[in-house]
Amino acid sequence: MPVDVEARVISNTRLSPDYNVIALAAPEIARAAAPGQFVMVKPAQASAPLLRRPFSVFEVLRTNGRIEGLTLLSKRIGTTTNLLFNAAVGDVISCLGPLGRPFDLIDPPAEAWMVAGGVGLAPFATLAEALQSRGINVTLIYGARTSRELFYLDWFRTRGVRVLLATEDGSSGDRGRVTVPLERELQAASDRNVMVYACGPEPMLEAVAHLASRYGRPSQVSVERVMGCGLGGCYSCVIPVRNDNGGQHYVRSCIAGPVFSGEEIVWD
Amino acid sequence: MPVDVEARVISNTRLSPDYNVIALAAPEIARAAAPGQFVMVKPAQASAPLLRRPFSVFEVLRTNGRIEGLTLLSKRIGTTTNLLFNAAVGDVISCLGPLGRPFDLIDPPAEAWMVAGGVGLAPFATLAEALQSRGINVTLIYGARTSRELFYLDWFRTRGVRVLLATEDGSSGDRGRVTVPLERELQAASDRNVMVYACGPEPMLEAVAHLASRYGRPSQVSVERVMGCGLGGCYSCVIPVRNDNGGQHYVRSCIAGPVFSGEEIVWD
Amino acid sequence: MGLTDLSVKIGSLTLANPLIAASGCFGYGVEYAGVVDLSHLGGVAVKGLFLTERQGHPPERIVETPAGMLNAIGLQGIGVHRFIKEKLPELRERRATVIVNICGSTLDEYVELSRILSDAEGVAAIELNISCPNIKEGGITFGCSLHGTFDVVSAVRKVTRLPIIPKLTPNVTDVASFAKASEDAGADAVSLVNTFLAMAIDVETRRPKLSNIVGGLSGPAIRPIAVRMVYDCHRAVKIPVIGMGGIASAKDVLEFMIAGASAVQVGTANFADPFIWSKLLDGITEYLNRHHIPRVSDLTGTVDTGVHAAH
Amino acid sequence: MGLTDLSVKIGSLTLANPLIAASGCFGYGVEYAGVVDLSHLGGVAVKGLFLTERQGHPPERIVETPAGMLNAIGLQGIGVHRFIKEKLPELRERRATVIVNICGSTLDEYVELSRILSDAEGVAAIELNISCPNIKEGGITFGCSLHGTFDVVSAVRKVTRLPIIPKLTPNVTDVASFAKASEDAGADAVSLVNTFLAMAIDVETRRPKLSNIVGGLSGPAIRPIAVRMVYDCHRAVKIPVIGMGGIASAKDVLEFMIAGASAVQVGTANFADPFIWSKLLDGITEYLNRHHIPRVSDLTGTVDTGVHAAH
Ligand SMILES: Cc1cc2nc3c(=O)[nH]c(=O)nc-3n(C[C@H](O)[C@H](O)[C@H](O)COP(=O)(O)OP(=O)(O)OC[C@H]3O[C@@H](n4cnc5c(N)ncnc54)[C@H](O)[C@@H]3O)c2cc1C
Ligand SMILES: Cc1cc2nc3c(=O)[nH]c(=O)nc-3n(C[C@H](O)[C@H](O)[C@H](O)COP(=O)(O)OP(=O)(O)OC[C@H]3O[C@@H](n4cnc5c(N)ncnc54)[C@H](O)[C@@H]3O)c2cc1C
Ligand SMILES: Cc1cc2nc3c(=O)[nH]c(=O)nc-3n(C[C@H](O)[C@H](O)[C@H](O)COP(=O)(O)O)c2cc1C
Ligand SMILES: Cc1cc2nc3c(=O)[nH]c(=O)nc-3n(C[C@H](O)[C@H](O)[C@H](O)COP(=O)(O)O)c2cc1C
Ligand code: FES
Ligand code: FES
């Protein structure tokens with residue numbers, strides 16, 4: 001059951017000229033959210049934009065074990081993300097959630113590789129925690145344009161997540177896309193039981209899903225479609241998936257997803 | 001020549017749950033403004049409202065004689081006035097001005113009576129200063145619903161302005177409208193040369209204009225019409241004035257006014 | 001408070017209150033069962049249905065515009081048969097007042113759809129979508145022709161006793177004449193407005209922002225036009241007018257009713273706030289109490305143009 | 001930067017750039033001489049003129065709506081004779097490219113106005129306002145009838161060599177057919193859109209917010225509809241299309257041109273920002289440079305719908 005919370009901004013940390021992490025007092029949502037789920041947000045005071053925008057739950061905030069809220073990792077690209085970037089402590093953000101189908105969690109001895117492109121890092125903080133609490137070995141394969149756009153590395157490392165990096169300019173880790181370290185790992189780990197989780201731009205997801213299936217590994221990808229409602233009401237967020245009969249049809253990624261099996265999706 | 005200034009909020013003082021005085025760093029406008037002129041404002045960040053709103057220049061801000069900006073006295077009634085009420089120091093307010101026809105200043109030995117209803121006080125701070133610098137005796141006749149909505153009394157008194165009050169609930173000055181003290185003064189001052197200046201709700205302006213002309217006194221009233229542009233472009237702000245031939249026609253109060261002779265206007 | 005009567009009548013149908021979820025903006029209703037008690041709504045107009053399943057248009061299907069949005073969903077849907085089998089039972093169970101929005105490529109399809117729905121249990125009314133601007137075959141040819149409108153309504157009238165509500169397009173010169181044609185053909189009510197045919201272009205790529213090139217504009221942006229059209233239609237016909245277009249607050253509901261609507265639909269605003277319904281009901285009730293108006297239906301068409309007409 | 005060619009052609013008329021101040025939103029032009037160098041504008045469309053003076057409607061004449069505004073000014077104006085005597089000399093002196101927007105109650109009035117203006121010095125073009133939604137006699141009867149449009153344009157064509165630009169109303173089913181009728185009758189260009197007939201009601205008093213009951217909707221709210229109409233008209237006619245409706249940024253200007261406009265007009269946005277013109281020009285120039293487009297006129301109608309049509 002999603003709820004709508006008029007959440008106060010607890011803190012807003014700028015990570016770069018475009019990225020910020022905003023903490024919101026929405027404990028009801030934080031408590032109920034499973035890794036991979038999202039919230040639909042709208043700055044309460046602003047009359048524009050008209051529609052909410054989807055954001056993954058990044059972290060669940062705890063003080064002395066009590067859940068206080070959640071954070072969003074946001075990259076500035078337009079109206080809402082600019083408002084989030086500039087939000088002040090105390091501002092109110094309407095926050096509807098949790099929404100969508102979360103990641104399927106695996107069981108040991110399988111291990112988890114989380115492949116993140118850019119702001120696609122967002123769902124993996126909570127996923128890492130959930131997997132680790134089941135005793136899963138977790139690797140983060142994380143790419144960005146440059147090392148200055150790689151965030152929260154220590155967060156993952158101190159929690160024992162193995163971190164592999166790729167940057168397009170070679171300033172950290174492999175030069176190139178995230179598929180470079182991913183393929184190397186897939187080649188090296190042919191004997192291990194691996195679930196590939198991915199979140200990032202769609203071309204990346206497609207490449208990751210193809211690589212995974214080429215190496216016989218299952219994958220779960222979290223897609224980002226333009227969403228009008230997040231609840232299955234508008235049919236804006238559709239993505240083509242395979243039919244049983246070999247054809248394809250559109251499903252609403254807000255309720256059938258945002259997480260899909262990589263094999264399910266019909267890539268362009 | 002009006003200019004458009006992206007003015008930073010220097011301070012914002014709440015006078016009551018509905019009234020505030022906001023100081024804006026628009027020295028270009030403050031320098032050029034004559035008493036009775038107005039500015040068209042729009043909070044820069046907000047996408048709504050679409051149109052600017054007119055506000056009288058309330059005070060001219062000086063530090064060591066240097067003009068630093070201006071203030072607006074605002075009463076909350078809708079979108080823009082709410083944004084002004086809640087504006088934070090450092091916010092940007094687009095401020096276009098100075099606009100409109102100012103009050104005609106009189107010469108001694110005439111004296112000036114400024115009649116203000118509610119937020120209609122706004123143009124009279126600068127008018128009082130301008131008149132006093134010409135050696136004019138100034139009286140403020142000021143009415144509101146209750147004494148809690150009478151502001152800046154000390155400001156006027158310390159400058160030697162005689163202040164007469166009226167409140168609807170009788171909590172300060174005369175019980176009733178501002179016309180009560182005004183009429184008493186008009187009766188008492190039959191031998192003196194007086195210009196009546198007025199600003200406030202239109203029924204008040206009408207009553208004041210009628211009283212003044214009944215007692216043979218000239219009046220100048222500042223009217224408040226809904227304004228779309230403030231520059232004569234839209235023809236929204238019209239008010240009927242008398243023709244030479246006894247008829248009437250609409251004039252644009254943003255450029256022919258907002259100050260008119262009380263005799264000119266055709267009251268409803 | 002409890003004494004306020006929020007019920008309204010649409011022909012033989014009584015709605016618990018004037019608030020209907022607009023077609024295409026509320027899925028098949030069941031999607032919202034987790035956030036709204038469907039029986040608390042005046043009605044639920046489900047997503048437009050054809051006889052058979054439809055894929056709809058490829059993404060992008062929506063784009064936000066100033067105080068509005070464009071959509072070109074292309075009526076993706078499961079078809080009337082699956083609807084009756086898969087969705088209607090749950091809607092019935094949740095005691096929703098179900099208004100089925102139907103679309104056809106031909107007059108016969110509207111007739112066939114209406115016949116099928118008349119035999120289904122739990123359908124309260126049929127809304128004839130002759131106004132979808134996004135697909136050529138979505139009845140817009142009927143909706144833009146007075147004869148077409150008259151013909152499709154008359155033909156459906158012959159096969160069903162369910163209330164029929166033609167949904168009118170605003171993309172015409174004189175919408176009131178379409179309301180009149182609907183009334184003459186036996187409609188129980190008319191609903192309006194559907195969306196305005198519109199377009200947005202990405203100037204960097206010079207491509208339309210919607211895959212379908214054009215789409216339908218909805219949301220607060222269109223409200224003043226929609227209110228005017230409801231006002232026009234209310235004066236032209238005796239049957240009830242169901243108003244919509246940009247309703248986002250109780251004040252907006254009241255504005256439409258005062259202009260002439262007997263009930264209203266809410267579309268786009270539900271996307272931004274799925275919990276809007278109780279807020280709207282509270283606002284309406286507060287207004288009625290404050291103005292000592294016992295029945296919300298007393299508001300319909302009470303706009304006071306008298307003093308102004310004198311000018 | 002200096003190599004960018006911003007000029008556009010409207011029939012025989014060359015404008016310095018595609019930006020025209022929209023009629024009714026810029027007074028008679030002279031009001032803005034203090035804030036804008038009028039010779040820097042592509043053109044100035046002056047407030048709609050009748051043969052004689054007009055009072056217009058009583059206040060309230062405007063009301064703001066979501067991302068838009070309604071107006072019912074009622075064409076208050078000084079009449080063509082006073083305009084020529086009192087305003088045109090100053091416009092001439094300031095080297096404004098003057099487009100005179102004219103309104104008549106009868107076909108003969110349009111003809112008479114055009115004849116008078118043809119003899120006046122300093123008029124660059126005539127815009128035929130056959131689309132004002134706010135007054136019964138404002139030519140809207142011509143603007144909503146294909147015959148009416150054809151007749152008034154043909155009649156004016158006979159008496160003037162000035163470029164004639166019928167201004168079309170969006171309140172019709174198929175605006176492109178009106179563009180075609182205008183072209184067939186000899187128009188040099190068409191301009192669109194005028195405002196959408198709309199209404200707002202104060203729910204507390206239940207009175208219309210405008211004294212005239214209904215008014216015309218303008219501003220960003222209508223932009224997507226206007227862009228679509230410009231797109232439709234551009235494909236229907238060979239004469240230039242002048243686009244407008246909610247333009248408030250350089251991006252919006254470009255969107256209209258890419259959709260099919262040869263020039264644009266800016267109305268409502270000028271109220272909010274009278275200094276908008278140089279910002280628009282800067283933005284257009286920046287875009288053209290970034291995309292290596294030498295002439296702004298190269299943009300007209302270049303919307304790329306190809307890939308999408310493939311679906
Ligand atoms: C399930 C889900 C989870 C997401 N999680 C996050 C997250 O954790 N952090 C984050 O920063 N972003 C996330 N996104 C993307 C985020 O929703 C968009 O960045 C946001 O909608 C942009 O809104 P805006 O108002 O800032 O931009 P707008 O002003 O709406 O748009 C700016 C431009 O970006 C395009 N655009 C709009 N939406 C998207 C989109 N979904 N993807 C790509 N381009 C788009 C528009 O077409 C437009 O051209 C997620 C998206 C989905 C669907
Ligand atoms: C020349 C001039 C000088 C002014 N000086 C001041 C001033 O110094 N301080 C101040 O507080 N106000 C002043 N006003 C009034 C001020 O412009 C309005 O209060 C303001 O436009 C309201 O804007 P809003 O967005 O807050 O309200 P909106 O949301 O626009 O409107 C709220 C309601 O108020 C009504 N309304 C809108 N404009 C006016 C108006 N001008 N008068 C009465 N009702 C209106 C609307 O119809 C609406 O119902 C002045 C007006 C004029 C014309
Ligand atoms: C995404 C979307 C899908 C729609 N689908 C339909 C539909 O299937 N059938 C229909 O009659 N109207 C459809 N409409 C139109 C709405 O029912 C409504 O008429 C319109 O959106 C105006 O109301 P609003 O401004 O409250 O949204 C749709 C609107 C939107 C925004
Ligand atoms: C206050 C106002 C007055 C107008 N007066 C006229 C007019 O006299 N003649 C005319 O053809 N159009 C008139 N219009 C319509 C505009 O010229 C323009 O077509 C319309 O406003 C859409 O453009 P915009 O959204 O940029 O304002 C008027 C519009 C407004 C807002
Ligand atoms: S976002 Fe509305 S259906 Fe998915
Ligand atoms: S406010 Fe526009 S003409 Fe006066």
# chains A, B, ... in the order shown; residues from 1 in each chain; ligands from 1
call {"tool": "residues_near_ligand", "arguments": {"ligand": "ligand 4", "cutoff": "7 Å", "atoms": "only C-alpha atoms and all ligand atoms", "output": "VMD selection string"}}
result
(chain B and resid 234 to 236) or (chain D and resid 22 to 25 47 to 48 69 to 71 73 75 101 129 131 to 132 167 192 to 195 218 to 220 222 244 to 247 265 to 269)
call {"tool": "residues_near_ligand", "arguments": {"ligand": "ligand 6", "cutoff": "10 Å", "atoms": "only C-alpha atoms and all ligand atoms", "output": "CSV table (one decimal) with N, CA, C and O atoms, in the first residue's frame"}}
result
chain,number,residue,atom,x,y,z
B,40,MET,N,6.3,46.7,-10.8
B,40,MET,CA,5.6,45.4,-11.1
B,40,MET,C,6.6,44.3,-10.7
B,40,MET,O,7.7,44.2,-11.2
B,52,ARG,N,3.2,39.7,-13.6
B,52,ARG,CA,3.6,40.5,-12.5
B,52,ARG,C,2.5,41.2,-11.7
B,52,ARG,O,1.4,41.3,-12.3
B,53,ARG,N,2.8,41.7,-10.5
B,53,ARG,CA,1.7,42.3,-9.8
B,53,ARG,C,2.3,43.7,-9.3
B,53,ARG,O,3.4,43.9,-9.1
B,54,PRO,N,1.4,44.7,-9.3
B,54,PRO,CA,1.8,46.1,-8.9
B,54,PRO,C,1.9,46.3,-7.4
B,54,PRO,O,1.0,45.9,-6.7
B,100,GLY,N,4.2,54.6,-13.8
B,100,GLY,CA,2.9,55.3,-13.4
B,100,GLY,C,3.2,56.8,-13.1
B,100,GLY,O,4.3,57.3,-13.0
B,225,ARG,N,-6.3,49.0,-9.7
B,225,ARG,CA,-7.0,48.2,-10.7
B,225,ARG,C,-6.1,47.0,-11.0
B,225,ARG,O,-4.9,47.0,-10.9
B,226,VAL,N,-6.7,45.9,-11.5
B,226,VAL,CA,-6.0,44.7,-11.9
B,226,VAL,C,-5.1,45.1,-13.1
B,226,VAL,O,-5.6,45.6,-14.1
B,227,MET,N,-3.8,44.8,-13.0
B,227,MET,CA,-2.9,45.3,-14.0
B,227,MET,C,-2.2,44.1,-14.6
B,227,MET,O,-1.6,43.2,-13.9
B,228,GLY,N,-2.2,44.0,-15.9
B,228,GLY,CA,-1.5,42.9,-16.6
B,228,GLY,C,-0.1,43.2,-16.9
B,228,GLY,O,0.8,42.4,-17.0
B,229,CYS,N,0.2,44.5,-17.2
B,229,CYS,CA,1.5,44.8,-17.7
B,229,CYS,C,2.2,46.1,-17.0
B,229,CYS,O,3.4,46.1,-16.9
B,230,GLY,N,1.4,47.0,-16.7
B,230,GLY,CA,1.9,48.2,-16.0
B,230,GLY,C,2.5,49.3,-16.9
B,230,GLY,O,3.0,50.3,-16.5
B,231,LEU,N,2.4,49.0,-18.2
B,231,LEU,CA,3.1,49.8,-19.2
B,231,LEU,C,2.2,50.4,-20.3
B,231,LEU,O,2.7,51.0,-21.3
B,232,GLY,N,0.9,50.1,-20.2
B,232,GLY,CA,0.0,50.6,-21.2
B,232,GLY,C,-0.2,49.6,-22.4
B,232,GLY,O,-0.8,49.9,-23.4
B,233,GLY,N,0.3,48.4,-22.2
B,233,GLY,CA,0.2,47.4,-23.3
B,233,GLY,C,-1.1,46.6,-23.4
B,233,GLY,O,-1.4,46.2,-24.5
B,234,CYS,N,-1.7,46.4,-22.3
B,234,CYS,CA,-2.8,45.4,-22.3
B,234,CYS,C,-4.2,45.9,-22.2
B,234,CYS,O,-5.2,45.2,-22.4
B,235,TYR,N,-4.4,47.1,-21.7
B,235,TYR,CA,-5.7,47.7,-21.5
B,235,TYR,C,-6.5,47.0,-20.5
B,235,TYR,O,-7.8,47.0,-20.6
B,236,SER,N,-5.9,46.4,-19.5
B,236,SER,CA,-6.7,45.7,-18.5
B,236,SER,C,-7.1,46.6,-17.4
B,236,SER,O,-8.1,46.4,-16.7
B,237,CYS,N,-6.3,47.7,-17.1
B,237,CYS,CA,-6.4,48.4,-15.9
B,237,CYS,C,-7.2,49.6,-15.9
B,237,CYS,O,-7.0,50.6,-15.2
B,238,VAL,N,-8.2,49.7,-16.9
B,238,VAL,CA,-8.9,50.9,-17.2
B,238,VAL,C,-9.8,51.4,-16.1
B,238,VAL,O,-10.3,50.6,-15.3
B,239,ILE,N,-10.0,52.7,-16.0
B,239,ILE,CA,-10.9,53.3,-15.1
B,239,ILE,C,-11.7,54.4,-15.9
B,239,ILE,O,-11.1,55.0,-16.7
B,251,VAL,N,-9.6,55.2,-19.3
B,251,VAL,CA,-8.2,55.4,-19.5
B,251,VAL,C,-7.4,54.3,-18.7
B,251,VAL,O,-7.9,53.7,-17.8
B,252,ARG,N,-6.2,54.1,-19.2
B,252,ARG,CA,-5.4,53.1,-18.5
B,252,ARG,C,-4.7,53.6,-17.3
B,252,ARG,O,-3.9,54.6,-17.3
B,253,SER,N,-5.1,53.0,-16.1
B,253,SER,CA,-4.7,53.6,-14.9
B,253,SER,C,-3.2,53.3,-14.6
B,253,SER,O,-2.6,54.0,-13.8
B,254,CYS,N,-2.5,52.5,-15.4
B,254,CYS,CA,-1.1,52.3,-15.2
B,254,CYS,C,-0.3,53.4,-15.8
B,254,CYS,O,0.8,53.6,-15.3
B,255,ILE,N,-0.8,54.1,-16.8
B,255,ILE,CA,0.0,55.2,-17.4
B,255,ILE,C,-0.7,56.5,-17.2
B,255,ILE,O,0.0,57.5,-17.0
B,256,ALA,N,-2.0,56.6,-17.2
B,256,ALA,CA,-2.7,57.8,-16.9
B,256,ALA,C,-2.7,58.0,-15.4
B,256,ALA,O,-3.0,59.1,-14.9
B,257,GLY,N,-2.5,56.9,-14.6
B,257,GLY,CA,-2.6,57.0,-13.2
B,257,GLY,C,-1.3,56.3,-12.7
B,257,GLY,O,-0.3,56.3,-13.4
B,258,PRO,N,-1.3,55.6,-11.5
B,258,PRO,CA,-2.5,55.3,-10.7
B,258,PRO,C,-3.1,56.5,-9.9
B,258,PRO,O,-4.1,56.4,-9.3
D,24,GLY,N,-2.6,43.8,-29.5
D,24,GLY,CA,-3.3,43.8,-28.2
D,24,GLY,C,-2.4,43.6,-27.0
D,24,GLY,O,-2.9,43.7,-25.9
D,25,CYS,N,-1.2,43.3,-27.3
D,25,CYS,CA,-0.2,43.0,-26.2
D,25,CYS,C,0.9,44.0,-26.2
D,25,CYS,O,1.9,43.9,-25.5
D,26,PHE,N,0.8,45.1,-26.9
D,26,PHE,CA,1.9,46.0,-27.1
D,26,PHE,C,1.3,47.4,-27.4
D,26,PHE,O,2.0,48.2,-27.9
D,27,GLY,N,0.1,47.6,-26.9
D,27,GLY,CA,-0.5,48.9,-27.1
D,27,GLY,C,-0.4,49.3,-28.6
D,27,GLY,O,-0.6,48.5,-29.5
D,31,GLU,N,3.9,53.0,-26.6
D,31,GLU,CA,4.0,52.9,-25.2
D,31,GLU,C,5.3,52.2,-24.8
D,31,GLU,O,5.7,52.3,-23.6
D,62,ILE,N,-9.2,41.2,-17.3
D,62,ILE,CA,-8.3,40.1,-17.4
D,62,ILE,C,-8.4,39.2,-16.1
D,62,ILE,O,-8.8,39.7,-15.1
D,271,PHE,N,4.0,41.0,-21.4
D,271,PHE,CA,3.5,41.6,-20.2
D,271,PHE,C,4.4,41.3,-19.0
D,271,PHE,O,4.6,42.2,-18.2
call {"tool": "closest_residue", "arguments": {"among": "A:Ala26, A:Ile67, A:Ile106, A:Val241", "to": "chain C", "atoms": "only C-alpha atoms"}}
result
A:Val241
call {"tool": "residues_around", "arguments": {"residues": "range 107-118 of chain C", "least_positions_apart": "3", "cutoff": "8 Å", "atoms": "only C-alpha atoms", "output": "JSON, numbers by chain"}}
result
{"C": [50, 51, 80, 102, 103, 104, 121, 123, 126, 128, 151, 152, 155, 156, 159, 160, 161, 162]}
call {"tool": "residues_near_ligand", "arguments": {"ligand": "ligand 1", "cutoff": "7 Å", "atoms": "only C-alpha atoms and all ligand atoms", "output": "ChimeraX atom specification"}}
result
/A:38,49,53-58,72-82,119-120,122-123,223-227,254,258
call {"tool": "select_by_dssp", "arguments": {"residues": "range 79-290 of chain D", "states": "strand (DSSP E)", "output": "count of residues only"}}
result
37
call {"tool": "closest_residue", "arguments": {"among": "B:Pro108, B:Pro27, B:Pro98, B:Gly262", "to": "ligand 2", "atoms": "only C-alpha atoms and all ligand atoms"}}
result
B:Pro98
